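What follows is model.cif (mmCIF, C-alpha atoms and all ligand atoms).
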data_input
loop_
_atom_site.label_atom_id
_atom_site.label_comp_id
_atom_site.auth_asym_id
_atom_site.auth_seq_id
_atom_site.Cartn_x
_atom_site.Cartn_y
_atom_site.Cartn_z
CA MET A 13 144.48 116.81 25.22
CA ALA A 14 142.68 113.68 24.08
CA LYS A 15 144.29 111.80 21.24
CA LEU A 16 142.66 110.73 18.00
CA THR A 17 141.81 107.03 17.91
CA VAL A 18 141.20 104.50 15.14
CA ARG A 19 137.50 104.87 15.84
CA ASP A 20 137.62 108.48 14.57
CA LEU A 21 139.22 107.59 11.24
CA ASP A 22 137.91 106.91 7.76
CA VAL A 23 140.52 104.52 6.42
CA ARG A 24 138.76 102.77 3.52
CA GLY A 25 141.32 101.93 0.84
CA LYS A 26 144.08 103.65 2.78
CA ARG A 27 147.40 102.12 3.81
CA VAL A 28 147.47 102.11 7.59
CA PHE A 29 150.96 101.73 9.05
CA MET A 30 150.32 100.23 12.49
CA ARG A 31 152.99 99.85 15.18
CA VAL A 32 152.24 96.86 17.42
CA ASP A 33 153.99 95.23 20.38
CA TYR A 34 154.77 91.73 19.08
CA ASN A 35 157.84 91.31 21.27
CA VAL A 36 156.64 87.83 22.26
CA PRO A 37 158.64 85.22 24.19
CA LEU A 38 160.11 82.56 21.87
CA GLU A 39 161.66 79.16 22.45
CA GLU A 40 163.55 76.91 20.06
CA ARG A 41 161.73 73.63 19.38
CA ASP A 42 163.15 71.17 16.83
CA GLY A 43 165.16 73.91 15.16
CA GLN A 44 162.12 76.21 14.83
CA MET A 45 161.25 79.26 16.89
CA ALA A 46 157.95 78.72 18.73
CA ILE A 47 155.92 81.38 20.54
CA THR A 48 155.41 80.49 24.22
CA ASP A 49 152.86 83.21 25.05
CA ASN A 50 150.41 84.74 22.52
CA THR A 51 149.04 87.46 24.79
CA ARG A 52 150.61 90.38 22.94
CA ILE A 53 149.26 89.16 19.60
CA VAL A 54 145.78 88.52 20.99
CA GLU A 55 145.71 92.04 22.47
CA THR A 56 145.95 93.60 19.00
CA LEU A 57 143.03 91.65 17.50
CA PRO A 58 140.29 94.20 18.38
CA THR A 59 142.11 97.02 16.56
CA LEU A 60 142.89 94.74 13.62
CA LYS A 61 139.27 93.60 13.32
CA LEU A 62 138.05 97.19 13.41
CA LEU A 63 140.51 98.22 10.70
CA ILE A 64 139.53 95.22 8.58
CA ASP A 65 135.85 96.18 8.93
CA LYS A 66 136.72 99.73 7.94
CA GLY A 67 138.43 98.45 4.77
CA ALA A 68 141.99 99.53 5.56
CA LYS A 69 145.14 98.01 4.06
CA ILE A 70 146.99 97.14 7.23
CA ILE A 71 150.78 97.19 7.36
CA LEU A 72 152.13 95.96 10.71
CA ALA A 73 155.49 96.99 12.13
CA ALA A 74 157.08 95.64 15.31
CA HIS A 75 160.34 94.77 16.99
CA LEU A 76 161.35 91.43 18.46
CA GLY A 77 164.22 91.01 20.92
CA ARG A 78 167.49 92.87 20.61
CA PRO A 79 169.07 91.96 17.24
CA LYS A 80 171.25 95.12 17.48
CA GLY A 81 171.02 96.05 13.81
CA LYS A 82 171.68 92.55 12.43
CA ARG A 83 169.42 90.07 10.66
CA GLU A 84 169.23 87.55 13.52
CA ALA A 85 167.21 84.60 12.17
CA THR A 86 166.04 83.66 15.70
CA MET A 87 164.42 87.11 16.04
CA SER A 88 162.41 87.05 12.82
CA LEU A 89 158.74 88.02 13.07
CA ARG A 90 157.75 85.25 10.63
CA PRO A 91 156.40 82.92 13.37
CA VAL A 92 154.31 85.83 14.65
CA GLY A 93 152.77 86.17 11.18
CA LEU A 94 151.81 82.48 11.19
CA LYS A 95 150.28 82.79 14.66
CA LEU A 96 148.36 85.93 13.69
CA HIS A 97 146.98 84.12 10.65
CA GLU A 98 145.81 81.30 12.94
CA LEU A 99 144.21 83.68 15.47
CA LEU A 100 142.52 85.92 12.91
CA GLY A 101 141.49 83.22 10.47
CA ARG A 102 142.68 85.39 7.57
CA SER A 103 145.83 85.28 5.54
CA VAL A 104 148.67 87.49 6.71
CA ALA A 105 151.34 88.33 4.14
CA PHE A 106 154.92 88.62 5.35
CA ALA A 107 157.60 90.97 4.00
CA THR A 108 161.18 89.80 4.56
CA ASP A 109 162.25 93.39 5.24
CA CYS A 110 160.64 96.44 6.86
CA ILE A 111 161.76 98.97 4.23
CA GLY A 112 162.59 99.02 0.51
CA GLU A 113 161.33 97.40 -2.64
CA VAL A 114 159.95 94.18 -1.06
CA VAL A 115 157.68 96.25 1.14
CA GLU A 116 156.60 98.70 -1.56
CA LYS A 117 155.81 95.88 -4.02
CA ALA A 118 153.82 93.93 -1.44
CA ALA A 119 151.93 97.06 -0.38
CA ALA A 120 151.07 97.90 -3.98
CA HIS A 121 149.22 94.58 -4.35
CA MET A 122 147.14 94.89 -1.19
CA LYS A 123 143.36 94.96 -1.29
CA ASP A 124 141.07 96.56 1.30
CA GLY A 125 141.18 94.49 4.51
CA ASP A 126 144.51 92.82 3.65
CA ILE A 127 147.26 92.49 6.23
CA LEU A 128 151.00 92.69 5.65
CA LEU A 129 153.45 92.05 8.50
CA LEU A 130 156.88 93.63 8.11
CA GLU A 131 160.12 92.03 9.31
CA ASN A 132 161.71 93.14 12.63
CA VAL A 133 162.36 96.90 12.56
CA ARG A 134 165.34 96.41 14.91
CA TYR A 135 167.24 94.62 12.15
CA TYR A 136 168.28 98.23 11.54
CA ASN A 137 170.15 100.30 14.13
CA GLU A 138 168.41 103.34 12.66
CA GLU A 139 165.17 102.22 14.33
CA GLU A 140 166.30 102.87 17.90
CA ALA A 141 168.32 105.92 16.79
CA ASN A 142 165.06 107.37 15.39
CA ASP A 143 166.99 108.14 12.22
CA PRO A 144 164.92 110.53 10.07
CA VAL A 145 166.01 108.97 6.76
CA PHE A 146 165.03 105.50 8.00
CA ALA A 147 161.71 106.84 9.31
CA GLU A 148 161.02 108.31 5.84
CA LYS A 149 161.68 104.87 4.33
CA LEU A 150 159.21 103.24 6.73
CA ALA A 151 156.68 106.01 6.09
CA LYS A 152 156.75 105.39 2.33
CA VAL A 153 153.85 102.97 2.65
CA ALA A 154 151.95 104.96 5.31
CA ASP A 155 148.88 107.04 4.47
CA VAL A 156 147.72 106.84 8.08
CA TYR A 157 149.69 105.94 11.23
CA VAL A 158 148.25 103.92 14.12
CA ASN A 159 150.08 103.09 17.33
CA ASP A 160 148.81 100.16 19.41
CA ALA A 161 152.17 99.47 21.08
CA PHE A 162 151.76 101.17 24.46
CA GLY A 163 154.60 99.02 25.84
CA ALA A 164 157.02 100.69 23.41
CA ALA A 165 155.57 104.23 23.62
CA HIS A 166 158.11 105.43 26.19
CA ARG A 167 160.83 105.18 23.56
CA ALA A 168 161.24 107.69 20.73
CA HIS A 169 162.17 105.24 17.98
CA ALA A 170 161.56 105.53 14.23
CA SER A 171 158.50 103.24 14.20
CA THR A 172 157.04 104.57 17.47
CA GLU A 173 157.63 108.29 16.94
CA GLY A 174 159.42 109.24 13.72
CA VAL A 175 156.85 107.79 11.32
CA ALA A 176 153.96 109.37 13.24
CA ARG A 177 155.57 112.81 12.92
CA ILE A 178 156.18 112.33 9.19
CA VAL A 179 152.60 111.22 8.49
CA ALA A 180 151.20 114.14 10.52
CA LYS A 181 153.49 116.60 8.73
CA ARG A 182 152.10 115.41 5.39
CA GLY A 183 148.62 116.22 6.68
CA GLY A 184 147.74 112.61 7.47
CA PHE A 185 146.44 111.29 10.79
CA ALA A 186 148.38 109.57 13.56
CA ALA A 187 145.95 107.78 15.87
CA ALA A 188 145.89 105.51 18.91
CA GLY A 189 144.80 101.90 18.46
CA LEU A 190 142.13 100.47 20.77
CA LEU A 191 144.67 98.90 23.13
CA MET A 192 146.61 102.16 23.38
CA GLU A 193 143.31 104.00 23.91
CA ARG A 194 142.46 101.74 26.87
CA GLU A 195 145.89 102.22 28.44
CA LEU A 196 145.56 106.01 28.20
CA LYS A 197 142.03 105.85 29.61
CA PHE A 198 142.78 103.70 32.65
CA LEU A 199 146.31 104.81 33.55
CA GLY A 200 145.56 108.41 32.61
CA ASP A 201 142.00 109.80 32.53
CA GLU A 202 140.50 107.46 35.15
CA LEU A 203 143.15 108.47 37.70
CA GLU A 204 142.75 112.21 37.09
CA ASN A 205 139.46 112.40 38.97
CA PRO A 206 139.11 109.03 40.66
CA ALA A 207 136.00 107.93 42.56
CA ARG A 208 136.89 108.01 46.28
CA PRO A 209 138.25 106.51 48.41
CA PHE A 210 141.19 106.13 46.06
CA VAL A 211 143.56 103.51 47.47
CA VAL A 212 147.02 103.04 45.99
CA ILE A 213 149.03 99.89 46.71
CA LEU A 214 152.75 100.21 46.07
CA GLY A 215 155.29 97.45 46.41
CA GLY A 216 158.08 95.81 44.49
CA ALA A 217 161.78 95.90 44.84
CA LYS A 218 163.07 99.45 45.15
CA VAL A 219 162.03 102.85 46.46
CA SER A 220 164.31 104.46 43.86
CA ASP A 221 162.31 102.80 41.03
CA LYS A 222 159.01 104.06 42.37
CA ILE A 223 159.71 107.38 44.07
CA LYS A 224 158.37 109.50 41.19
CA VAL A 225 155.15 107.47 41.17
CA ILE A 226 154.82 107.78 44.95
CA ASP A 227 155.37 111.50 44.74
CA ARG A 228 152.73 112.01 42.07
CA LEU A 229 150.17 109.71 43.68
CA LEU A 230 150.58 111.47 47.03
CA GLU A 231 148.76 114.31 45.30
CA LYS A 232 145.82 112.15 44.28
CA ALA A 233 145.38 109.22 46.67
CA ASP A 234 143.39 109.03 49.90
CA THR A 235 145.42 106.06 51.12
CA ILE A 236 148.79 104.60 50.14
CA LEU A 237 149.67 101.07 51.27
CA ILE A 238 153.37 100.18 51.10
CA GLY A 239 154.66 96.62 50.76
CA GLY A 240 157.46 94.60 49.14
CA ALA A 241 161.14 95.22 49.72
CA MET A 242 160.43 98.92 49.28
CA ALA A 243 159.00 98.97 52.81
CA TYR A 244 162.41 98.18 54.34
CA THR A 245 163.89 101.48 53.22
CA PHE A 246 161.05 103.27 55.03
CA LYS A 247 161.67 101.10 58.11
CA LEU A 248 165.40 101.81 58.02
CA ALA A 249 164.65 105.53 57.85
CA HIS A 250 162.91 105.16 61.23
CA GLY A 251 165.87 103.33 62.73
CA VAL A 252 164.37 99.85 62.46
CA LYS A 253 166.96 97.16 61.65
CA THR A 254 166.52 95.45 58.27
CA GLY A 255 169.15 92.66 58.51
CA LYS A 256 170.10 91.25 55.11
CA SER A 257 166.93 92.52 53.40
CA LEU A 258 166.96 94.25 50.04
CA VAL A 259 167.18 97.85 51.17
CA GLU A 260 168.45 101.20 49.85
CA PRO A 261 170.28 103.08 52.63
CA ASP A 262 170.93 105.97 50.19
CA HIS A 263 167.20 106.54 49.87
CA THR A 264 166.09 106.85 53.49
CA GLY A 265 165.87 110.61 52.95
CA THR A 266 163.60 110.07 49.96
CA ALA A 267 161.41 107.82 52.09
CA LEU A 268 161.13 110.37 54.91
CA ALA A 269 160.30 113.16 52.43
CA ALA A 270 157.46 111.02 51.03
CA GLU A 271 156.06 110.43 54.53
CA LYS A 272 156.26 114.16 55.30
CA LYS A 273 154.35 114.95 52.12
CA ALA A 274 151.76 112.34 53.08
CA ILE A 275 151.17 114.08 56.43
CA GLU A 276 150.91 117.50 54.75
CA ARG A 277 148.40 116.22 52.23
CA LYS A 278 146.51 114.17 54.80
CA VAL A 279 147.10 110.93 52.94
CA ASN A 280 146.66 107.78 55.03
CA PHE A 281 150.15 106.37 54.48
CA GLN A 282 150.63 102.85 55.83
CA LEU A 283 153.71 100.71 56.32
CA PRO A 284 153.66 96.98 57.15
CA THR A 285 153.36 96.12 60.85
CA ASP A 286 154.69 92.58 60.46
CA THR A 287 157.14 90.89 58.11
CA ILE A 288 157.87 87.36 56.98
CA ILE A 289 161.58 86.70 57.26
CA ALA A 290 163.97 83.80 56.70
CA THR A 291 167.59 83.05 57.50
CA PRO A 292 169.61 82.46 54.35
CA VAL A 293 172.23 79.70 54.62
CA ASP A 294 174.91 79.37 51.96
CA THR A 295 174.75 75.90 50.37
CA GLY A 296 178.23 76.26 48.87
CA LYS A 297 176.68 75.58 45.46
CA LEU A 298 176.53 77.96 42.49
CA ASN A 299 173.57 78.47 40.16
CA LYS A 300 173.76 78.53 36.32
CA LYS A 301 174.79 82.18 36.43
CA GLY A 302 177.62 81.42 38.89
CA LYS A 303 175.87 83.05 41.86
CA PRO A 304 175.87 81.33 45.29
CA VAL A 305 172.71 79.38 46.13
CA TYR A 306 171.12 80.00 49.55
CA ASP A 307 168.64 77.87 51.45
CA LEU A 308 165.99 80.01 53.10
CA THR A 309 165.63 78.48 56.55
CA ASN A 310 163.57 79.21 59.67
CA ILE A 311 160.76 81.09 57.91
CA ARG A 312 158.86 83.11 60.53
CA THR A 313 156.87 86.28 61.15
CA ILE A 314 158.31 89.16 63.16
CA ARG A 315 157.41 92.70 64.20
CA GLY A 316 160.08 95.37 64.58
CA ASP A 317 163.78 94.71 63.98
CA ILE A 318 164.87 92.06 61.49
CA PRO A 319 167.82 90.08 62.99
CA ASP A 320 171.24 90.70 61.43
CA ASP A 321 171.40 87.23 59.84
CA ALA A 322 167.82 87.29 58.47
CA GLU A 323 166.11 88.73 55.40
CA GLY A 324 162.56 90.01 54.82
CA PHE A 325 160.55 88.47 51.98
CA SER A 326 156.94 89.58 52.37
CA ILE A 327 154.37 91.48 54.39
CA GLY A 328 152.99 89.37 57.24
CA ALA A 329 149.44 88.09 57.78
CA GLU A 330 148.44 90.99 60.06
CA THR A 331 149.50 93.59 57.48
CA ALA A 332 147.78 91.65 54.71
CA ALA A 333 144.52 91.55 56.69
CA ASN A 334 144.73 95.26 57.51
CA TYR A 335 145.47 96.18 53.87
CA ALA A 336 142.68 93.89 52.63
CA ARG A 337 140.16 95.65 54.90
CA ILE A 338 141.20 99.08 53.61
CA ILE A 339 141.14 97.89 49.98
CA GLN A 340 137.64 96.45 50.34
CA SER A 341 136.21 99.90 51.05
CA ALA A 342 137.92 101.55 48.06
CA LYS A 343 136.13 102.87 44.96
CA THR A 344 139.30 103.25 42.90
CA ILE A 345 142.39 101.06 43.30
CA LEU A 346 145.75 101.38 41.65
CA TRP A 347 148.27 98.62 42.30
CA ASN A 348 151.90 98.69 41.30
CA GLY A 349 154.46 96.25 42.69
CA PRO A 350 153.98 92.94 44.56
CA MET A 351 153.91 92.75 48.37
CA GLY A 352 156.77 90.28 48.57
CA MET A 353 158.87 87.79 46.64
CA PHE A 354 155.69 86.18 45.24
CA GLU A 355 157.61 84.02 42.75
CA ASP A 356 158.42 81.73 45.69
CA PRO A 357 155.15 80.17 46.97
CA ARG A 358 156.45 80.38 50.56
CA PHE A 359 156.30 84.19 50.29
CA ALA A 360 153.24 84.63 48.05
CA ALA A 361 150.46 84.69 50.66
CA GLY A 362 150.62 88.45 51.36
CA THR A 363 150.54 89.35 47.67
CA ASN A 364 147.73 86.87 47.05
CA ALA A 365 145.64 88.22 49.95
CA VAL A 366 145.97 91.75 48.58
CA ALA A 367 145.09 90.45 45.08
CA GLN A 368 141.96 88.76 46.44
CA ALA A 369 140.92 91.97 48.26
CA VAL A 370 141.33 93.95 45.02
CA VAL A 371 139.14 91.42 43.22
CA ASP A 372 136.50 91.51 45.99
CA ALA A 373 136.38 95.31 45.92
CA THR A 374 135.94 95.16 42.15
CA GLN A 375 133.28 92.44 42.09
CA LYS A 376 131.29 93.30 45.25
CA ASN A 377 131.91 97.01 45.76
CA GLY A 378 131.96 98.11 42.12
CA ALA A 379 135.45 99.56 42.52
CA LYS A 380 137.60 100.28 39.50
CA SER A 381 140.85 98.35 39.85
CA ILE A 382 143.84 99.18 37.74
CA ILE A 383 147.04 97.14 37.76
CA GLY A 384 150.28 98.55 36.34
CA GLY A 385 153.76 97.02 36.33
CA GLY A 386 155.11 93.86 34.75
CA ASP A 387 155.55 91.82 37.93
CA SER A 388 152.25 92.93 39.48
CA VAL A 389 150.46 91.64 36.39
CA LYS A 390 152.42 88.38 36.64
CA ALA A 391 151.45 88.03 40.31
CA LEU A 392 147.77 88.48 39.53
CA ASN A 393 147.86 86.00 36.67
CA LYS A 394 149.75 83.52 38.85
CA ALA A 395 146.96 83.77 41.44
CA GLY A 396 144.44 83.11 38.63
CA LEU A 397 142.79 86.51 39.18
CA GLY A 398 143.96 88.34 36.06
CA ASP A 399 140.52 88.55 34.45
CA LYS A 400 138.74 89.67 37.62
CA VAL A 401 140.09 93.22 37.83
CA THR A 402 139.01 96.21 35.77
CA PHE A 403 142.22 96.74 33.86
CA MET A 404 145.70 95.25 33.67
CA SER A 405 148.25 97.33 31.83
CA THR A 406 150.31 95.70 29.08
CA GLY A 407 152.92 98.43 29.44
CA GLY A 408 155.56 97.30 31.97
CA GLY A 409 158.18 100.06 31.96
CA ALA A 410 155.96 102.32 29.85
CA SER A 411 153.12 102.13 32.40
CA LEU A 412 155.48 103.12 35.23
CA GLU A 413 156.72 106.15 33.27
CA PHE A 414 153.17 107.12 32.38
CA LEU A 415 152.08 106.85 36.04
CA GLU A 416 154.99 109.12 36.94
CA GLY A 417 153.30 111.73 34.78
CA ALA A 418 155.90 111.57 32.01
CA VAL A 419 154.90 112.47 28.46
CA LEU A 420 155.54 109.34 26.39
CA PRO A 421 157.06 110.22 22.99
CA GLY A 422 154.92 107.63 21.20
CA VAL A 423 151.78 109.21 22.66
CA ALA A 424 152.89 112.82 22.17
CA ALA A 425 153.41 112.15 18.44
CA LEU A 426 149.74 111.19 17.93
CA SER A 427 147.25 113.71 16.52
CA ASP A 428 145.04 115.57 19.00
CA LYS A 429 141.27 115.11 18.82
CA LYS A 430 139.63 118.11 17.20
P1 LIG A 501 156.52 95.76 38.96
O1 LIG A 501 157.19 95.04 37.82
O2 LIG A 501 155.13 95.29 39.20
O3 LIG A 501 156.62 97.25 38.81
P2 LIG A 501 158.89 95.58 40.60
O4 LIG A 501 159.68 95.21 39.40
O5 LIG A 501 159.15 96.89 41.23
O6 LIG A 501 157.31 95.40 40.32
O7 LIG A 501 159.16 94.51 41.76
C1 LIG A 501 158.90 93.15 41.61
C2 LIG A 501 159.97 92.31 42.22
O8 LIG A 501 160.20 92.67 43.56
C3 LIG A 501 159.56 90.87 42.23
O9 LIG A 501 160.44 90.12 41.42
C4 LIG A 501 159.65 90.46 43.70
O10 LIG A 501 160.22 89.18 43.89
C5 LIG A 501 160.54 91.51 44.28
N1 LIG A 501 160.31 91.69 45.72
C6 LIG A 501 159.21 92.13 46.33
N2 LIG A 501 159.35 92.10 47.67
C7 LIG A 501 160.59 91.60 47.92
C8 LIG A 501 161.33 91.31 49.10
N3 LIG A 501 160.82 91.55 50.30
N4 LIG A 501 162.58 90.82 48.96
C9 LIG A 501 163.09 90.60 47.74
N5 LIG A 501 162.44 90.84 46.59
C10 LIG A 501 161.21 91.34 46.67
MG MG A 502 159.29 94.66 37.37
#

What is this file in structure tokens?
Amino acid sequence: MAKLTVRDLDVRGKRVFMRVDYNVPLEERDGQMAITDNTRIVETLPTLKLLIDKGAKIILAAHLGRPKGKREATMSLRPVGLKLHELLGRSVAFATDCIGEVVEKAAAHMKDGDILLLENVRYYNEEEANDPVFAEKLAKVADVYVNDAFGAAHRAHASTEGVARIVAKRGGFAAAGLLMERELKFLGDELENPARPFVVILGGAKVSDKIKVIDRLLEKADTILIGGAMAYTFKLAHGVKTGKSLVEPDHTGTALAAEKKAIERKVNFQLPTDTIIATPVDTGKLNKKGKPVYDLTNIRTIRGDIPDDAEGFSIGAETAANYARIIQSAKTILWNGPMGMFEDPRFAAGTNAVAQAVVDATQKNGAKSIIGGGDSVKALNKAGLGDKVTFMSTGGGASLEFLEGAVLPGVAALSDKK
């Protein structure tokens, strides 16, 4: 069932309680907390501008870090308020608490189009416990509820779920913000009946992290391309040696079951044919976390068994070229998980080649390309291709759960479209 969105609402003069994802990275500079990446704030601007135009009184709630129920000064949302003011070019009032008299007083003085940012909701343990009394306190200033925090929608917390339920129970509306609406459209609706061929690229660290996604996509995809360390568990299941690679011997059965399902459903299921490996050599040194530091020596490409003393770090050039060719003929592409340890430039080529193929398919072939997963998004941005795909999810863990077909509590709590 489609969810109500901010577009559907008449909010003039109403207090709109909006949950946003302002969990931004911070760094201490000269005794002050400074935001190192504004992306999450920028992403909320379209919804905010729409609500301002509609004459709402906007009350913003968010969490920052893990203060564990304490007022941690370093996790205050105040710097976010200052940045939002700068980005919007309008004043943003700040409440030093998220519940109680300070909030009610500030809300009482708001005019249409005003914005009030509340302090970190996780200063209270009741937030993550989804405590009903706490949710009632938050909901005191909410005539309407809007959720634009897709990245927090997989958690049933007071500000992501409890308040929505309370507002709906009172007969008010709980709606998706524009960012949330886009996430539901691209990770949900667009993949229900995708234009074909529908090519899915799956990589990343572990089969166990992704098995539910693989299982669900085996029912929808025409082709699945496997890369990253995940491929080694499939290889191991076929008796290929994986050396010191990141592998999950307990999940070879899972891997074989996925391949069997692929055959049954006539999905073109591809594993890498070549691998870039290196031989790790202990330097005898420890890193800041006390873990041994290895030099990765003798970087080379192999087919078949990985030697006992070596470790796989990426798909090879032949696999990358094969995958790129398949991707270029796709009409819908979903990508989750990098093709190798892309953070190290020596192992980024495979991931970058796949990224370029996704961009080409999008730009030249009119394919819809959808990227989900925190590290996949990072890999695309690192290659400078982030703005050349159709959609990049902001969800991280939430996007993975949504792709698995899970019902996200923060989405379930929103009102259905009539
Ligand atoms: P996403 O966040 O996009 O869902 P994952 O978290 O599943 O992706 O996996 C990303 C991580 O997997 C990256 O940090 C990457 O370095 C790592 N990775 C990918 N391939 C390998 C490999 N062959 N060996 C070690 N790590 C790998
Ligand atoms: Mg990740």

_Surrounding residues of Ala186 in chain A excluding itself and chain neighbours under 6 positions, 7 Å, only C-alpha atoms, as a PyMOL selection string_ = chain A and resi 156-158+176+179-180+426-427

_Residues within 7 Å of Ala290 in chain A, only C-alpha atoms, excluding chain neighbours under 3 positions, as number ranges by chain_ = A: 308-312, 322-324

*Do you know which residues are at most 6 Å from range 255-271 of chain A counting all atoms listed in the file, after dropping those on the same chain fewer than 6 positions away, and could you put them as a PyMOL selection string?*
chain A and resi 241+244-246+249+318-320+322-324

For the interface of chain A with ligand LIG 501 (chain A) (cut-off 9 Å, counting all atoms listed in the file), please tabulate each contacting residue of chain A alongside its nearest pair of atoms and their separation in Å to one decimal, rows sorted by chain and increasing number, as a Markdown table.
| residue | atom | partner | partner_atom | distance |
| --- | --- | --- | --- | --- |
| A:Leu214 | CA | A:LIG501 | O5 | 8.7 |
| A:Gly215 | CA | A:LIG501 | O5 | 6.5 |
| A:Gly216 | CA | A:LIG501 | O7 | 3.2 |
| A:Ala217 | CA | A:LIG501 | O8 | 3.8 |
| A:Lys218 | CA | A:LIG501 | O5 | 6.1 |
| A:Val219 | CA | A:LIG501 | O5 | 8.4 |
| A:Asp221 | CA | A:LIG501 | O5 | 6.7 |
| A:Lys222 | CA | A:LIG501 | O5 | 7.3 |
| A:Gly239 | CA | A:LIG501 | N2 | 7.2 |
| A:Gly240 | CA | A:LIG501 | N2 | 3.5 |
| A:Ala241 | CA | A:LIG501 | N3 | 3.7 |
| A:Met242 | CA | A:LIG501 | N2 | 7.1 |
| A:Ala243 | CA | A:LIG501 | N3 | 8.0 |
| A:Tyr244 | CA | A:LIG501 | N3 | 7.9 |
| A:Ser257 | CA | A:LIG501 | N4 | 6.4 |
| A:Leu258 | CA | A:LIG501 | N4 | 5.7 |
| A:Val259 | CA | A:LIG501 | N4 | 8.7 |
| A:Thr287 | CA | A:LIG501 | N3 | 8.7 |
| A:Ile288 | CA | A:LIG501 | N3 | 8.4 |
| A:Ile289 | CA | A:LIG501 | N3 | 8.5 |
| A:Glu323 | CA | A:LIG501 | N4 | 7.6 |
| A:Gly324 | CA | A:LIG501 | N3 | 5.1 |
| A:Phe325 | CA | A:LIG501 | N3 | 3.5 |
| A:Ser326 | CA | A:LIG501 | N3 | 4.8 |
| A:Ile327 | CA | A:LIG501 | N3 | 7.6 |
| A:Trp347 | CA | A:LIG501 | O2 | 8.2 |
| A:Asn348 | CA | A:LIG501 | O2 | 5.1 |
| A:Gly349 | CA | A:LIG501 | O2 | 3.7 |
| A:Pro350 | CA | A:LIG501 | C6 | 5.6 |
| A:Met351 | CA | A:LIG501 | N2 | 5.5 |
| A:Gly352 | CA | A:LIG501 | N2 | 3.3 |
| A:Met353 | CA | A:LIG501 | O10 | 3.4 |
| A:Phe354 | CA | A:LIG501 | O10 | 5.6 |
| A:Glu355 | CA | A:LIG501 | O10 | 5.9 |
| A:Asp356 | CA | A:LIG501 | O10 | 7.9 |
| A:Phe359 | CA | A:LIG501 | N3 | 8.6 |
| A:Ile383 | CA | A:LIG501 | O2 | 8.4 |
| A:Gly384 | CA | A:LIG501 | O2 | 6.5 |
| A:Gly385 | CA | A:LIG501 | O2 | 3.6 |
| A:Gly386 | CA | A:LIG501 | O1 | 3.9 |
| A:Asp387 | CA | A:LIG501 | O1 | 3.6 |
| A:Ser388 | CA | A:LIG501 | O2 | 3.7 |
| A:Val389 | CA | A:LIG501 | O2 | 6.6 |
| A:Lys390 | CA | A:LIG501 | O2 | 7.9 |
| A:Ala391 | CA | A:LIG501 | O2 | 8.2 |
| A:Gly408 | CA | A:LIG501 | O1 | 6.5 |
| A:Gly409 | CA | A:LIG501 | O3 | 7.6 |
| A:Ser411 | CA | A:LIG501 | O3 | 8.8 |
| A:Leu412 | CA | A:LIG501 | O3 | 7.0 |

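For the set A:Arg167, A:Leu346, A:Leu397, A:Asp317, the residue with the smallest atom-to-atom gap to Ala365 in chain A is A:Leu397, counting all atoms listed in the file.
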
*Hey, what's within 9 Å of Lys430 in chain A if we count all atoms listed in the file and toss same-chain stuff fewer than 5 positions away? As a list in words, please?*
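Final neighbour list, sorted by chain and number: Ala14, Lys15 and Leu16 of chain A.
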
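Put simply, CA of Lys394 in chain A is 16.0 Å away from CA of Thr48 in chain A.
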
_Can you pull out the residues contacting Gly81 in chain A? Cut-off 10 Å, using all atoms listed in the file, and skip same-chain residues under 4 positions away; I want them as a PyMOL selection string._
chain A and resi 132-140

*asked:* As an exercise, work out the distance from CA of Gly112 in chain A to CA of Leu60 in chain A in Å and give it to one decimal place.
replied: 24.0 Å

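CA of Leu392 in chain A is found 21.9 Å from CA of Ala161 in chain A.
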
_Residue nearest ligand MG 502 (chain A) - candidates A:Gly407, A:Asp321, A:Ile226, A:Val28, atoms counted: all atoms listed in the file_ = A:Gly407

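Residue nearest ligand MG 502 (chain A), chosen from A:Leu96, A:Val115, A:Ala410, A:Val32 and counting only C-alpha atoms and all ligand atoms: A:Ala410.
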
*Identify which of the residues A:Pro284, A:Gly378, A:Gly328, A:Gly296 lies closest to Ala361 in chain A, counting only C-alpha atoms when measuring atom-to-atom distances.*
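Checking each candidate against Ala361 in chain A, we get A:Gly328 as the closest.
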
*In terms of the shortest atom-to-atom distance over all atoms listed in the file, which of A:Lys253, A:Lys273, A:Lys247, A:Arg41 is closest to Arg228 in chain A?*
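Smallest distance to Arg228 in chain A is found for A:Lys273.
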
*For each of A:Pro292, A:Glu113, A:Arg31, A:Ile339, take the minimum atom-to-atom distance to Ala165 in chain A, counting only C-alpha atoms, then give the residue where this is smallest.*
A:Arg31
